[in-house]
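Below is data.txt, holding compact mmCIF, C-alpha atoms.
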# COMPACT_ATOMS: atom_id res chain seq x y z
CA MET A 110 50.71 4.64 16.45
CA SER A 111 48.37 7.59 16.11
CA ASN A 112 45.39 5.32 15.38
CA GLU A 113 46.17 3.27 18.48
CA MET A 114 46.55 6.46 20.49
CA TYR A 115 43.16 7.81 19.37
CA ASN A 116 41.60 4.47 20.22
CA VAL A 117 43.06 4.60 23.72
CA LEU A 118 41.86 8.19 24.25
CA SER A 119 38.33 7.35 23.07
CA ARG A 120 38.09 4.74 25.83
CA ALA A 121 39.89 6.64 28.60
CA THR A 122 38.55 10.20 28.14
CA ASN A 123 35.62 12.20 26.82
CA GLY A 124 37.41 12.76 23.52
CA LEU A 125 40.27 14.76 22.08
CA TYR A 126 40.56 18.34 20.87
CA GLU A 127 43.30 17.73 18.33
CA GLY A 128 45.63 14.94 17.30
CA ILE A 129 48.97 15.31 15.55
CA ALA A 130 51.12 12.54 14.08
CA ILE A 131 54.59 14.04 13.74
CA GLY A 132 56.32 10.95 12.44
CA GLY A 133 59.80 9.66 13.12
CA ASP A 134 61.61 11.10 10.15
CA VAL A 135 65.14 12.41 10.62
CA PHE A 136 64.09 15.89 9.47
CA PRO A 137 60.39 16.37 10.48
CA GLY A 138 58.38 19.43 9.48
CA SER A 139 57.50 20.24 13.08
CA THR A 140 58.63 19.09 16.49
CA LEU A 141 56.93 17.68 19.53
CA SER A 142 57.59 20.78 21.60
CA ASP A 143 56.16 23.02 18.85
CA HIS A 144 52.76 21.43 19.29
CA CYS A 145 52.89 20.99 23.05
CA LEU A 146 53.69 24.69 23.48
CA ARG A 147 50.77 25.50 21.18
CA TYR A 148 48.47 23.29 23.24
CA GLN A 149 49.60 25.07 26.38
CA ASN A 150 48.10 28.28 24.97
CA ILE A 151 44.74 26.79 23.93
CA PRO A 152 42.29 27.18 26.85
CA ASP A 153 40.05 24.30 25.78
CA ILE A 154 42.92 21.81 26.06
CA LYS A 155 43.29 20.62 29.66
CA LEU A 156 45.47 17.51 29.23
CA ILE A 157 48.37 16.74 26.89
CA VAL A 158 49.01 13.10 25.97
CA VAL A 159 52.24 12.14 24.20
CA LEU A 160 53.20 8.81 22.63
CA GLY A 161 56.80 8.91 21.44
CA GLU A 162 59.35 6.38 20.25
CA LEU A 163 63.00 5.65 20.69
CA GLY A 164 65.58 7.49 18.63
CA GLY A 165 66.31 11.19 18.26
CA HIS A 166 66.07 13.86 20.96
CA ASP A 167 62.66 15.42 20.27
CA GLU A 168 61.18 14.36 23.62
CA TYR A 169 63.95 16.23 25.44
CA SER A 170 62.62 19.55 24.14
CA LEU A 171 59.38 18.68 25.96
CA VAL A 172 61.42 17.80 29.04
CA ASP A 173 63.04 21.28 28.94
CA ALA A 174 59.63 22.97 28.50
CA LEU A 175 58.28 21.12 31.52
CA LYS A 176 61.33 22.00 33.64
CA THR A 177 61.18 25.70 32.74
CA GLY A 178 57.45 25.90 33.32
CA GLN A 179 56.62 26.75 29.72
CA ILE A 180 54.20 23.84 29.87
CA SER A 181 52.19 23.66 33.07
CA LYS A 182 49.27 21.53 31.95
CA PRO A 183 49.33 17.86 32.94
CA VAL A 184 51.30 15.75 30.46
CA VAL A 185 50.85 11.99 30.28
CA ALA A 186 53.63 10.46 28.19
CA TRP A 187 55.11 7.17 27.10
CA VAL A 188 58.00 6.47 24.76
CA SER A 189 57.74 3.16 22.94
CA GLY A 190 60.68 0.96 22.05
CA THR A 191 61.77 -0.33 25.45
CA CYS A 192 62.18 -3.75 23.87
CA ALA A 193 65.23 -2.49 21.93
CA LYS A 194 67.38 -3.28 24.97
CA LEU A 195 66.71 -6.95 24.37
CA PHE A 196 68.60 -6.90 21.07
CA LYS A 197 72.40 -7.15 21.01
CA SER A 198 72.81 -4.79 18.04
CA GLU A 199 71.20 -1.53 17.00
CA VAL A 200 67.60 -2.01 15.80
CA GLN A 201 65.90 0.04 13.08
CA PHE A 202 62.14 0.33 13.69
CA GLY A 203 59.52 1.63 11.26
CA HIS A 204 60.63 5.23 10.80
CA ALA A 205 63.99 6.55 9.70
CA GLY A 206 64.54 8.17 13.10
CA ALA A 207 63.22 5.25 15.11
CA LYS A 208 66.58 3.81 16.11
CA SER A 209 68.61 4.26 19.21
CA GLY A 210 71.94 5.81 18.45
CA GLY A 211 72.99 6.05 22.07
CA ALA A 212 71.79 5.66 25.64
CA SER A 213 70.03 9.06 25.66
CA GLU A 214 67.98 8.06 22.61
CA SER A 215 66.68 4.92 24.24
CA ALA A 216 63.03 4.67 25.28
CA GLN A 217 64.08 3.98 28.89
CA ASP A 218 66.15 7.16 29.18
CA LYS A 219 63.46 9.30 27.55
CA ASN A 220 60.72 7.94 29.83
CA ALA A 221 62.93 8.54 32.85
CA ALA A 222 63.70 12.13 31.77
CA LEU A 223 60.03 12.91 31.15
CA LYS A 224 59.05 11.52 34.55
CA ALA A 225 61.78 13.47 36.27
CA ALA A 226 60.58 16.68 34.57
CA GLY A 227 57.06 16.20 35.90
CA ALA A 228 55.29 14.23 33.19
CA ILE A 229 53.04 11.38 34.24
CA VAL A 230 54.69 8.23 32.90
CA PRO A 231 53.39 4.66 33.37
CA GLU A 232 55.58 1.63 34.07
CA SER A 233 54.76 0.16 30.64
CA PHE A 234 52.54 0.73 27.62
CA GLU A 235 49.99 -1.63 29.15
CA GLY A 236 49.50 0.92 31.94
CA PHE A 237 49.25 3.89 29.55
CA GLU A 238 45.47 3.81 29.11
CA GLY A 239 44.88 3.35 32.83
CA ILE A 240 47.02 6.31 33.85
CA ILE A 241 45.43 8.54 31.18
CA LYS A 242 41.98 7.69 32.55
CA GLU A 243 43.14 8.23 36.13
CA THR A 244 44.53 11.68 35.27
CA TYR A 245 41.42 12.60 33.24
CA ASP A 246 39.07 11.54 36.02
CA GLN A 247 41.01 13.65 38.53
CA LEU A 248 40.76 16.69 36.27
CA VAL A 249 37.01 16.13 36.01
CA GLN A 250 36.72 15.75 39.78
CA ASP A 251 38.70 18.96 40.33
CA GLY A 252 36.41 20.81 37.94
CA HIS A 253 39.03 21.51 35.29
CA ILE A 254 37.20 19.46 32.68
CA GLN A 255 33.46 19.49 32.02
CA PRO A 256 32.62 16.30 30.10
CA GLN A 257 30.68 17.11 26.95
CA PRO A 258 27.75 15.04 25.68
CA GLU A 259 28.67 12.56 23.01
CA THR A 260 28.17 13.82 19.49
CA GLU A 261 26.11 11.45 17.42
CA VAL A 262 28.46 9.83 14.95
CA LYS A 263 26.97 9.37 11.52
CA THR A 264 27.14 5.79 10.40
CA VAL A 265 29.17 5.28 7.27
CA PRO A 266 26.90 3.43 4.84
CA LEU A 267 27.99 -0.06 3.92
CA ASP A 268 29.50 -0.37 0.48
CA LEU A 269 26.73 -1.41 -1.91
CA GLU A 270 28.63 -4.22 -3.55
CA ALA A 271 29.73 -5.62 -0.20
CA ALA A 272 26.20 -5.38 1.17
CA LYS A 273 24.76 -7.12 -1.89
CA LYS A 274 27.24 -9.96 -1.56
CA ALA A 275 26.38 -10.28 2.14
CA GLY A 276 22.68 -10.45 1.25
CA LYS A 277 21.87 -7.39 3.38
CA VAL A 278 20.47 -5.14 0.65
CA ARG A 279 19.20 -5.29 -2.88
CA VAL A 280 19.15 -2.60 -5.48
CA PRO A 281 15.75 -1.05 -6.28
CA THR A 282 13.77 -3.36 -8.54
CA THR A 283 11.11 -2.71 -11.15
CA ILE A 284 10.19 -6.37 -11.66
CA VAL A 285 9.33 -9.03 -9.10
CA SER A 286 9.45 -12.66 -10.25
CA SER A 287 8.61 -15.80 -8.28
CA ILE A 288 8.47 -18.51 -10.96
CA CYS A 289 11.99 -18.76 -12.35
CA ASP A 290 15.59 -17.76 -11.70
CA ASP A 291 18.37 -17.48 -14.28
CA ARG A 292 21.16 -16.20 -12.02
CA GLY A 293 22.83 -19.51 -11.17
CA GLU A 294 24.73 -22.03 -13.21
CA GLU A 295 21.49 -23.05 -14.93
CA PRO A 296 17.96 -21.64 -15.05
CA THR A 297 15.30 -23.00 -12.74
CA TYR A 298 11.53 -23.25 -13.11
CA ASN A 299 10.03 -22.80 -9.65
CA ASN A 300 13.30 -24.10 -8.12
CA VAL A 301 13.51 -27.11 -10.46
CA THR A 302 16.72 -27.03 -12.52
CA MET A 303 16.95 -27.51 -16.26
CA SER A 304 19.04 -30.63 -15.68
CA THR A 305 16.28 -32.16 -13.57
CA LEU A 306 13.68 -31.37 -16.21
CA MET A 307 15.79 -32.83 -19.01
CA THR A 308 16.87 -36.01 -17.22
CA GLY A 309 13.74 -36.71 -15.19
CA ASP A 310 10.25 -37.85 -16.12
CA TYR A 311 9.00 -34.38 -17.08
CA ASN A 312 7.01 -33.10 -20.04
CA VAL A 313 5.44 -29.87 -21.29
CA GLY A 314 2.55 -30.28 -18.87
CA ASP A 315 5.01 -30.34 -15.98
CA VAL A 316 6.66 -27.14 -17.21
CA ILE A 317 3.27 -25.44 -17.38
CA SER A 318 2.42 -26.65 -13.87
CA LEU A 319 5.71 -25.26 -12.51
CA LEU A 320 5.55 -21.88 -14.27
CA TRP A 321 1.79 -21.28 -14.05
CA PHE A 322 0.67 -23.03 -10.90
CA LYS A 323 4.03 -22.99 -9.04
CA ARG A 324 3.52 -26.64 -8.12
CA GLN A 325 4.41 -30.07 -9.40
CA LEU A 326 0.97 -31.37 -10.33
CA PRO A 327 0.29 -35.13 -10.41
CA LYS A 328 0.79 -36.96 -13.69
CA TYR A 329 -2.91 -37.29 -14.51
CA ALA A 330 -3.15 -33.48 -14.22
CA THR A 331 -0.13 -32.67 -16.40
CA ARG A 332 -1.30 -35.21 -18.96
CA PHE A 333 -4.71 -33.48 -19.00
CA ILE A 334 -2.99 -30.13 -19.62
CA GLU A 335 -1.14 -31.62 -22.57
CA MET A 336 -4.37 -33.07 -23.94
CA VAL A 337 -6.01 -29.64 -23.79
CA VAL A 338 -3.06 -28.10 -25.65
CA MET A 339 -3.16 -30.81 -28.31
CA LEU A 340 -6.95 -30.77 -28.79
CA CYS A 341 -7.20 -26.96 -28.89
CA ALA A 342 -4.13 -26.27 -31.03
CA ASP A 343 -6.25 -25.66 -34.13
CA HIS A 344 -9.82 -25.79 -35.38
CA GLY A 345 -9.44 -25.15 -39.06
CA PRO A 346 -8.93 -22.02 -41.20
CA CYS A 347 -12.50 -20.71 -40.94
CA VAL A 348 -12.65 -19.69 -37.27
CA SER A 349 -12.02 -16.03 -36.55
CA GLY A 350 -8.54 -16.39 -35.07
CA ALA A 351 -7.17 -18.47 -37.92
CA HIS A 352 -8.92 -16.24 -40.48
CA ASN A 353 -7.29 -13.10 -39.09
CA THR A 354 -3.89 -14.78 -39.03
CA ILE A 355 -4.27 -15.94 -42.63
CA VAL A 356 -5.31 -12.48 -43.85
CA THR A 357 -2.37 -10.88 -42.01
CA ALA A 358 0.10 -13.43 -43.38
CA ARG A 359 -1.15 -12.83 -46.92
CA ALA A 360 -0.56 -9.11 -46.37
CA GLY A 361 3.14 -9.92 -46.04
CA LYS A 362 3.40 -9.23 -42.31
CA ASP A 363 5.93 -10.92 -40.03
CA LEU A 364 5.18 -14.02 -37.99
CA VAL A 365 4.62 -12.20 -34.68
CA SER A 366 2.14 -9.78 -36.26
CA CYS A 367 0.27 -12.72 -37.80
CA LEU A 368 0.10 -14.51 -34.46
CA VAL A 369 -1.04 -11.43 -32.55
CA SER A 370 -3.78 -10.60 -35.07
CA GLY A 371 -5.24 -14.05 -34.50
CA LEU A 372 -4.87 -13.99 -30.73
CA LEU A 373 -6.68 -10.66 -30.48
CA THR A 374 -9.90 -12.30 -31.66
CA ILE A 375 -9.97 -14.59 -28.60
CA GLY A 376 -12.66 -13.41 -26.25
CA PRO A 377 -16.17 -14.15 -24.95
CA ARG A 378 -17.38 -15.26 -28.40
CA PHE A 379 -14.34 -17.21 -29.50
CA GLY A 380 -12.30 -19.43 -27.21
CA GLY A 381 -12.29 -17.03 -24.30
CA ALA A 382 -15.20 -18.47 -22.37
CA VAL A 383 -13.23 -21.04 -20.38
CA ASP A 384 -12.85 -18.85 -17.30
CA ASP A 385 -16.48 -17.68 -17.44
CA ALA A 386 -17.71 -21.26 -17.83
CA ALA A 387 -15.71 -22.32 -14.77
CA ARG A 388 -16.91 -19.30 -12.80
CA TYR A 389 -20.63 -19.66 -13.54
CA PHE A 390 -20.78 -23.45 -13.24
CA GLN A 391 -18.88 -23.40 -9.95
CA ASP A 392 -21.13 -20.72 -8.49
CA ALA A 393 -24.33 -22.54 -9.50
CA CYS A 394 -23.09 -25.93 -8.34
CA ASP A 395 -21.79 -24.65 -5.01
CA ARG A 396 -25.09 -22.85 -4.36
CA GLY A 397 -26.97 -26.05 -5.05
CA LEU A 398 -29.02 -24.69 -7.95
CA GLU A 399 -30.89 -27.20 -10.04
CA PRO A 400 -29.91 -27.06 -13.74
CA ASP A 401 -33.24 -25.50 -14.75
CA GLU A 402 -32.92 -22.86 -12.01
CA PHE A 403 -29.43 -21.99 -13.19
CA VAL A 404 -30.34 -21.75 -16.89
CA GLU A 405 -33.52 -19.77 -16.36
CA ASP A 406 -31.77 -17.40 -13.95
CA MET A 407 -29.09 -16.72 -16.58
CA LYS A 408 -31.80 -16.17 -19.17
CA ARG A 409 -33.57 -13.60 -16.98
CA LYS A 410 -30.27 -11.76 -16.60
CA GLY A 411 -29.73 -11.80 -20.37
CA ILE A 412 -26.54 -13.86 -20.08
CA ARG A 413 -25.78 -16.82 -22.27
CA VAL A 414 -24.54 -19.83 -20.34
CA PRO A 415 -20.76 -19.92 -21.03
CA GLY A 416 -19.59 -23.32 -22.21
CA ILE A 417 -22.97 -24.29 -23.68
CA GLY A 418 -23.78 -24.03 -27.39
CA HIS A 419 -22.00 -24.51 -30.69
CA ARG A 420 -22.55 -23.18 -34.21
CA ILE A 421 -21.84 -26.54 -35.86
CA LYS A 422 -21.90 -29.28 -33.25
CA SER A 423 -25.19 -30.62 -31.88
CA LYS A 424 -26.82 -33.42 -29.94
CA ASP A 425 -26.34 -35.83 -32.83
CA ASN A 426 -22.94 -34.43 -33.90
CA ARG A 427 -20.89 -34.16 -30.75
CA ASP A 428 -17.55 -32.40 -30.51
CA LYS A 429 -14.97 -35.19 -30.46
CA ARG A 430 -12.64 -33.07 -28.37
CA VAL A 431 -15.23 -32.83 -25.62
CA GLU A 432 -15.83 -36.57 -25.70
CA LEU A 433 -12.10 -37.34 -25.40
CA LEU A 434 -11.61 -35.00 -22.46
CA GLN A 435 -14.64 -36.36 -20.64
CA LYS A 436 -13.55 -39.95 -21.18
CA TYR A 437 -10.10 -39.20 -19.78
CA ALA A 438 -11.50 -37.39 -16.75
CA PHE A 439 -13.95 -40.14 -15.86
CA LYS A 440 -11.06 -42.62 -15.95
CA TYR A 441 -8.32 -40.71 -14.10
CA PHE A 442 -9.75 -37.78 -12.10
CA PRO A 443 -10.46 -38.46 -8.41
CA SER A 444 -13.67 -36.45 -8.74
CA THR A 445 -15.75 -34.98 -11.61
CA LYS A 446 -18.24 -33.04 -9.49
CA TYR A 447 -18.38 -29.95 -11.68
CA LEU A 448 -18.33 -31.85 -14.97
CA ASN A 449 -21.27 -33.92 -13.75
CA TYR A 450 -23.18 -30.75 -12.91
CA ALA A 451 -22.41 -29.25 -16.34
CA LEU A 452 -23.68 -32.42 -18.01
CA ARG A 453 -26.94 -32.10 -16.11
CA VAL A 454 -27.19 -28.51 -17.36
CA GLU A 455 -26.54 -29.76 -20.91
CA THR A 456 -29.37 -32.30 -20.58
CA TYR A 457 -31.70 -29.43 -19.73
CA THR A 458 -30.49 -27.07 -22.49
CA LEU A 459 -30.78 -29.78 -25.15
CA GLN A 460 -34.52 -29.81 -24.45
CA LYS A 461 -34.56 -26.26 -25.81
CA ALA A 462 -32.30 -26.65 -28.87
CA ALA A 463 -30.19 -29.42 -30.39
CA ASN A 464 -27.08 -27.23 -30.68
CA LEU A 465 -27.06 -26.24 -27.00
CA VAL A 466 -24.44 -28.87 -26.26
CA MET A 467 -21.44 -28.55 -23.99
CA ASN A 468 -18.61 -27.04 -26.02
CA VAL A 469 -14.89 -27.38 -25.48
CA ASP A 470 -14.76 -24.19 -23.36
CA GLY A 471 -17.34 -25.55 -20.94
CA CYS A 472 -15.64 -28.93 -20.79
CA ILE A 473 -12.17 -27.49 -20.10
CA GLY A 474 -13.55 -25.01 -17.57
CA THR A 475 -15.44 -27.56 -15.48
CA LEU A 476 -12.72 -30.19 -15.69
CA PHE A 477 -10.12 -27.71 -14.53
CA LEU A 478 -12.31 -26.98 -11.53
CA ASP A 479 -12.40 -30.69 -10.80
CA LEU A 480 -8.62 -30.94 -11.26
CA LEU A 481 -7.89 -28.04 -8.91
CA HIS A 482 -10.30 -29.19 -6.21
CA SER A 483 -9.62 -32.93 -6.33
CA SER A 484 -5.81 -32.61 -6.38
CA SER A 485 -5.84 -31.27 -2.78
CA LEU A 486 -2.98 -28.95 -3.75
CA PHE A 487 -4.96 -25.70 -3.78
CA THR A 488 -7.00 -23.82 -1.20
CA GLU A 489 -10.45 -22.46 -2.05
CA GLU A 490 -8.94 -18.97 -2.22
CA GLU A 491 -6.25 -20.12 -4.65
CA VAL A 492 -8.80 -21.82 -6.89
CA ALA A 493 -10.87 -18.62 -6.97
CA GLU A 494 -7.77 -16.58 -7.86
CA ILE A 495 -6.79 -18.98 -10.66
CA VAL A 496 -10.21 -18.63 -12.25
CA LYS A 497 -10.33 -14.87 -11.66
CA ILE A 498 -7.03 -13.86 -13.25
CA GLY A 499 -7.33 -15.94 -16.42
CA TYR A 500 -5.30 -19.12 -16.01
CA LEU A 501 -7.84 -21.23 -17.90
CA ASN A 502 -8.23 -18.88 -20.86
CA GLY A 503 -4.44 -18.78 -20.88
CA LEU A 504 -4.39 -22.48 -21.64
CA PHE A 505 -6.57 -21.94 -24.73
CA VAL A 506 -4.35 -19.04 -25.82
CA LEU A 507 -1.25 -21.21 -25.44
CA ALA A 508 -2.78 -24.07 -27.39
CA ARG A 509 -4.27 -22.00 -30.19
CA SER A 510 -0.95 -20.15 -30.69
CA ILE A 511 0.43 -23.40 -32.09
CA GLY A 512 -2.26 -23.53 -34.77
CA LEU A 513 -2.11 -19.82 -35.57
CA ILE A 514 1.64 -20.04 -36.15
CA GLY A 515 0.98 -23.04 -38.35
CA HIS A 516 -1.52 -21.10 -40.48
CA ALA A 517 0.89 -18.14 -40.83
CA LEU A 518 3.72 -20.39 -41.95
CA ASP A 519 1.40 -22.33 -44.24
CA GLN A 520 0.31 -19.17 -46.09
CA LYS A 521 3.91 -17.99 -46.50
CA ARG A 522 5.02 -21.43 -47.70
CA LEU A 523 2.18 -21.48 -50.25
CA GLN A 524 3.06 -17.91 -51.29
CA GLN A 525 -0.55 -16.84 -51.11
CA PRO A 526 -1.33 -13.36 -52.51
CA LEU A 527 -2.93 -10.45 -50.69
CA TYR A 528 -6.39 -11.40 -49.48
CA ARG A 529 -9.39 -9.41 -50.70
CA HIS A 530 -12.89 -10.32 -49.60
CA PRO A 531 -15.20 -11.02 -52.56
CA TRP A 532 -17.96 -8.49 -53.29
CA ASP A 533 -20.67 -11.12 -53.56
CA GLU A 534 -20.08 -12.09 -49.89
CA VAL A 535 -20.80 -8.55 -48.70
CA LEU A 536 -24.31 -7.22 -48.22
CA TYR A 537 -24.20 -3.56 -49.15
CA ILE A 538 -27.06 -1.60 -47.61
Can I see the file as structure tokens?
Amino acid sequence: MSNEMYNVLSRATNGLYEGIAIGGDVFPGSTLSDHCLRYQNIPDIKLIVVLGELGGHDEYSLVDALKTGQISKPVVAWVSGTCAKLFKSEVQFGHAGAKSGGASESAQDKNAALKAAGAIVPESFEGFEGIIKETYDQLVQDGHIQPQPETEVKTVPLDLEAAKKAGKVRVPTTIVSSICDDRGEEPTYNNVTMSTLMTGDYNVGDVISLLWFKRQLPKYATRFIEMVVMLCADHGPCVSGAHNTIVTARAGKDLVSCLVSGLLTIGPRFGGAVDDAARYFQDACDRGLEPDEFVEDMKRKGIRVPGIGHRIKSKDNRDKRVELLQKYAFKYFPSTKYLNYALRVETYTLQKAANLVMNVDGCIGTLFLDLLHSSSLFTEEEVAEIVKIGYLNGLFVLARSIGLIGHALDQKRLQQPLYRHPWDEVLYI
């Protein structure tokens, strides 16, 4: 009742000074007249509003105070429970005292007594709000009440858990991820579920395309990715990455340490030239440089042409990996613009030295340019970003990790002892 009363007052007046819910207990701690008499003596209170209920005689003490003039301020009152007359027997309402024990305790008799004593009483509860507003407005018009500006009510923040469920807020995050989601019934790779990947026509190349490129690349592209992984998985125990891994494994280190020691050798001189090869060949090709112009310009700058040159392979001993990739691209790629340009550069560099052949870095780099451009799935800006942030070198790292793990496991399986480099292979100066 008190909540409803405060709601009514908030709509009908400028607010309330104080609200008291006495309750309908048989033996209450204070009475209605106690508070009304107190309000009479508080200058800031100009209007007393009372919402009572049937049962008991508490309202009659207010009636006496009005009759004797102890309360002279306007009193708007209503006693609820008029519906009790509709029942044939005595009705017990919510509180212990909310029952009519006789005619004088009925809501009708109380309302009539209050009205006769001078209180402003509506015809029904439906008219209560209207008569409160009418009385309040008259007091304002007569100058007894000066409406006060509304106090800004502070908004109670929404409960965090409720807001999260409603999708209105998120907790502060330290990681942002756009490639996968593991919060549902099953993980997804770029919105493709595990079930789809397992039951559909997908392979490792498709997973790489989803997680790296955030797209479903065409089959010739994902097959090319798998070919690169297969062809670059290993290149024997003598290259720097495998050598480091072998030495670390023979020192008794764990598998991860062995892998990392090999991966740390990947760089401009070993397997890390894929991005640079793509970058330089694309720039030269797009600028329309002739192969000799490109090579001589790089020479003047003191830069070796990335993707050209090999310590073992030569004009008469081609790298089989390069041949296989080129053959596949010529057969399935819509365009091999950048590969064709790199081959023209190779023709020029072979005039200088037999080992200045296109190596696997140069082949992968230029073919990936052709893949990205000819697939029509990437903008020029996206292609530039892919080359810039290391996607292509990442493919070599992924592939070579397979071989490095193999070397680490091989050394442990063979129970090879601690490696020590022989003295006769060191030049002491």
Select, from A:Glu399, A:Glu113, A:Asp392, A:Asp290, the residue with the minimum atom-to-atom distance to Leu452 of chain A, counting all atoms listed in the file. A:Glu399
May I ask for the distance between atom CA of Lys521 of chain A and atom CA of Pro346 of chain A, given in Å to one decimal place?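 Rounded to one decimal, the two atoms are 14.5 Å apart.
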Could you state the separation of atom CA of Tyr115 of chain A and atom CA of Thr140 of chain A in Å, given to one decimal place?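 If I compute the distance from atom CA of Tyr115 of chain A to atom CA of Thr140 of chain A, I get 19.4 Å.
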For atom CA of Asp343 of chain A and atom CA of Tyr528 of chain A, determine how far apart the two atoms are, in Å to one decimal place. 21.0 Å
Which residue of A:Gly190, A:Ser287, A:Gly165, A:Lys461 approaches Trp321 of chain A most closely, using all atoms listed in the file: A:Ser287
Nearest to Gly397 of chain A among A:Ile375, A:Tyr450, A:Ile229, A:Arg279, with distances taken over all atoms listed in the file: which residue is it?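 Of A:Ile375, A:Tyr450, A:Ile229, A:Arg279, the one nearest Gly397 of chain A is A:Tyr450, counting all atoms listed in the file.
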Residue with smallest distance to Trp187 of chain A - pool A:Ser215, A:Ser233, A:Thr458, A:Gln520, counting only C-alpha atoms: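 The answer is A:Ser233, which sits nearest to Trp187 of chain A.
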Using all atoms listed in the file: which of A:Val506, A:Leu118, A:Ile180, A:Val285 has the shortest distance to Ser142 of chain A: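 Among the listed residues, the smallest separation from Ser142 of chain A belongs to A:Ile180.
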Proximity to Thr357 of chain A - best of A:Cys341, A:Leu433, A:Ala226, A:Leu513, all atoms listed in the file: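 Nearest candidate to Thr357 of chain A out of A:Cys341, A:Leu433, A:Ala226, A:Leu513: A:Leu513.
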Shell of 12 Å around Phe237 of chain A, all atoms listed in the file, local chain residues under 3 positions omitted, as number ranges by chain: A: 113-114, 117-118, 120-121, 158-160, 185-189, 229-234, 240-244
Take the residues from that selection and write them out as a compact mmCIF listing (two decimals), in the coordinates of the input, keeping C-alpha atoms.
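Final file, again28.txt:
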# COMPACT_ATOMS: atom_id res chain seq x y z
CA GLU A 113 46.17 3.27 18.48
CA MET A 114 46.55 6.46 20.49
CA VAL A 117 43.06 4.60 23.72
CA LEU A 118 41.86 8.19 24.25
CA ARG A 120 38.09 4.74 25.83
CA ALA A 121 39.89 6.64 28.60
CA VAL A 158 49.01 13.10 25.97
CA VAL A 159 52.24 12.14 24.20
CA LEU A 160 53.20 8.81 22.63
CA VAL A 185 50.85 11.99 30.28
CA ALA A 186 53.63 10.46 28.19
CA TRP A 187 55.11 7.17 27.10
CA VAL A 188 58.00 6.47 24.76
CA SER A 189 57.74 3.16 22.94
CA ILE A 229 53.04 11.38 34.24
CA VAL A 230 54.69 8.23 32.90
CA PRO A 231 53.39 4.66 33.37
CA GLU A 232 55.58 1.63 34.07
CA SER A 233 54.76 0.16 30.64
CA PHE A 234 52.54 0.73 27.62
CA ILE A 240 47.02 6.31 33.85
CA ILE A 241 45.43 8.54 31.18
CA LYS A 242 41.98 7.69 32.55
CA GLU A 243 43.14 8.23 36.13
CA THR A 244 44.53 11.68 35.27
Residues proximal to (-4.7, -37.0, -16.7) were defined as those with any atom within 10 Å of that point in the file's coordinates, counting all atoms listed in the file. Which are they, as an MDAnalysis selection string? chainID A and resid 327:336 434 437:442 480
Write the residues of the selection above to a file with C-alpha atoms, as a PDB file, in the frame of the given file.
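Writing the result to selection31.pdb gives the following:
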ATOM      1  CA  PRO A 327       0.290 -35.130 -10.410  1.00  0.00           C
ATOM      2  CA  LYS A 328       0.790 -36.960 -13.690  1.00  0.00           C
ATOM      3  CA  TYR A 329      -2.910 -37.290 -14.510  1.00  0.00           C
ATOM      4  CA  ALA A 330      -3.150 -33.480 -14.220  1.00  0.00           C
ATOM      5  CA  THR A 331      -0.130 -32.670 -16.400  1.00  0.00           C
ATOM      6  CA  ARG A 332      -1.300 -35.210 -18.960  1.00  0.00           C
ATOM      7  CA  PHE A 333      -4.710 -33.480 -19.000  1.00  0.00           C
ATOM      8  CA  ILE A 334      -2.990 -30.130 -19.620  1.00  0.00           C
ATOM      9  CA  GLU A 335      -1.140 -31.620 -22.570  1.00  0.00           C
ATOM     10  CA  MET A 336      -4.370 -33.070 -23.940  1.00  0.00           C
ATOM     11  CA  LEU A 434     -11.610 -35.000 -22.460  1.00  0.00           C
ATOM     12  CA  TYR A 437     -10.100 -39.200 -19.780  1.00  0.00           C
ATOM     13  CA  ALA A 438     -11.500 -37.390 -16.750  1.00  0.00           C
ATOM     14  CA  PHE A 439     -13.950 -40.140 -15.860  1.00  0.00           C
ATOM     15  CA  LYS A 440     -11.060 -42.620 -15.950  1.00  0.00           C
ATOM     16  CA  TYR A 441      -8.320 -40.710 -14.100  1.00  0.00           C
ATOM     17  CA  PHE A 442      -9.750 -37.780 -12.100  1.00  0.00           C
ATOM     18  CA  LEU A 480      -8.620 -30.940 -11.260  1.00  0.00           C
TER      19      LEU A 480
END
Hey, could you pull the box centre and edge lengths for segment 530-535 of chain A, axis-aligned, 8 Å padding per side, all listed atoms, to one decimal in Å, as AutoDock Vina command-line options?
--center_x -16.8 --center_y -10.3 --center_z -51.1 --size_x 23.9 --size_y 19.6 --size_z 20.9
All residues 7 Å or closer to segment 291-307 of chain A, all atoms listed in the file, same chain fewer than 4 positions away omitted, as an MDAnalysis selection string: chainID A and resid 311 319:320 323
